[in-house]
Amino acid sequence: MTVKKFLVLAALVAAGCAQQPDRISAVDVAGDPYRGFSCSQLKAEHLKVSQNLEAASADQKKAANGDVLGVFLLGLPVSSMSGNDKEATIAIAKGRINELDRKILARKCK
């Protein structure tokens with residue numbers, strides 16, 4: 001295999017690897033899912049979503065590290081291939097937290 005082919009293959013494999021959670025961007029939350037929530041409900045939901053994000057981020061770190069190891073040893077992003085990538089879950093949770101932060105700020109919750 002030539003160096004050029006190897007680099008192309010390595011780039012393709014790396015593109016399929018799980019990203020570290022801090023590199024995952026938030027997605028916009030459609031509509032107004034928190035309309036009618038009181039300040040206490042907004043804060044409780046913020047705590048719940050933050051805890052879910054923390055758990056998903058821990059799983060994502062394991063998946064990303066597993067992919068690095070899998071690519072190094074086998075040439076395959078094993079964690080991503082086995083469904084352990086939580087990128088979508090993290091992006092949605094980050095978007096929900098952003099929306100909750102906006103609502104809490106707009107309502108001047110303390």
# chains A, B, ... in the order shown; residues from 1 in each chain; ligands from 1

$ closest_atom_pairs --of "stretch 35-57 of chain A" --to "stretch 16-29 of chain A" --cutoff "10 Å" --atoms "only C-alpha atoms" --output "JSON lines"
{"residue": "A:Leu53", "atom": "CA", "partner": "A:Pro21", "partner_atom": "CA", "distance": 9.4}
{"residue": "A:Glu54", "atom": "CA", "partner": "A:Pro21", "partner_atom": "CA", "distance": 9.5}
{"residue": "A:Ala56", "atom": "CA", "partner": "A:Pro21", "partner_atom": "CA", "distance": 8.5}
{"residue": "A:Ser57", "atom": "CA", "partner": "A:Pro21", "partner_atom": "CA", "distance": 5.5}

$ write_last_selection --atoms "N, CA and C atoms" --output "PDB file, in the first residue's frame"
ATOM      1  N   LEU A  53     -26.552  14.822  30.399  1.00  0.00           N
ATOM      2  CA  LEU A  53     -25.416  15.222  29.569  1.00  0.00           C
ATOM      3  C   LEU A  53     -24.112  14.711  30.171  1.00  0.00           C
ATOM      4  N   GLU A  54     -23.995  14.806  31.475  1.00  0.00           N
ATOM      5  CA  GLU A  54     -22.774  14.326  32.138  1.00  0.00           C
ATOM      6  C   GLU A  54     -22.585  12.821  31.927  1.00  0.00           C
ATOM      7  N   ALA A  56     -23.924  10.949  29.475  1.00  0.00           N
ATOM      8  CA  ALA A  56     -23.663  10.698  28.051  1.00  0.00           C
ATOM      9  C   ALA A  56     -22.236  11.101  27.682  1.00  0.00           C
ATOM     10  N   SER A  57     -21.741  12.173  28.277  1.00  0.00           N
ATOM     11  CA  SER A  57     -20.373  12.616  28.008  1.00  0.00           C
ATOM     12  C   SER A  57     -19.355  11.592  28.497  1.00  0.00           C
TER      13      SER A  57
END

$ atom_distance --atom1 "atom CA of A:Phe37" --atom2 "atom CA of A:Ile90"
22.8 Å

$ atom_distance --atom1 "atom CA of A:Lys48" --atom2 "atom CA of A:Arg102"
16.4 Å

$ atom_distance --atom1 "atom CA of A:Ala91" --atom2 "atom CA of A:Leu105"
21.2 Å

$ closest_residue --among "A:Lys103, A:Ala55, A:Lys62, A:Glu45" --to "A:Thr89" --atoms "only C-alpha atoms"
A:Ala55

$ closest_residue --among "A:Asn65, A:Gln41, A:Gln60, A:Ser50" --to "A:Asn98" --atoms "only C-alpha atoms"
A:Ser50
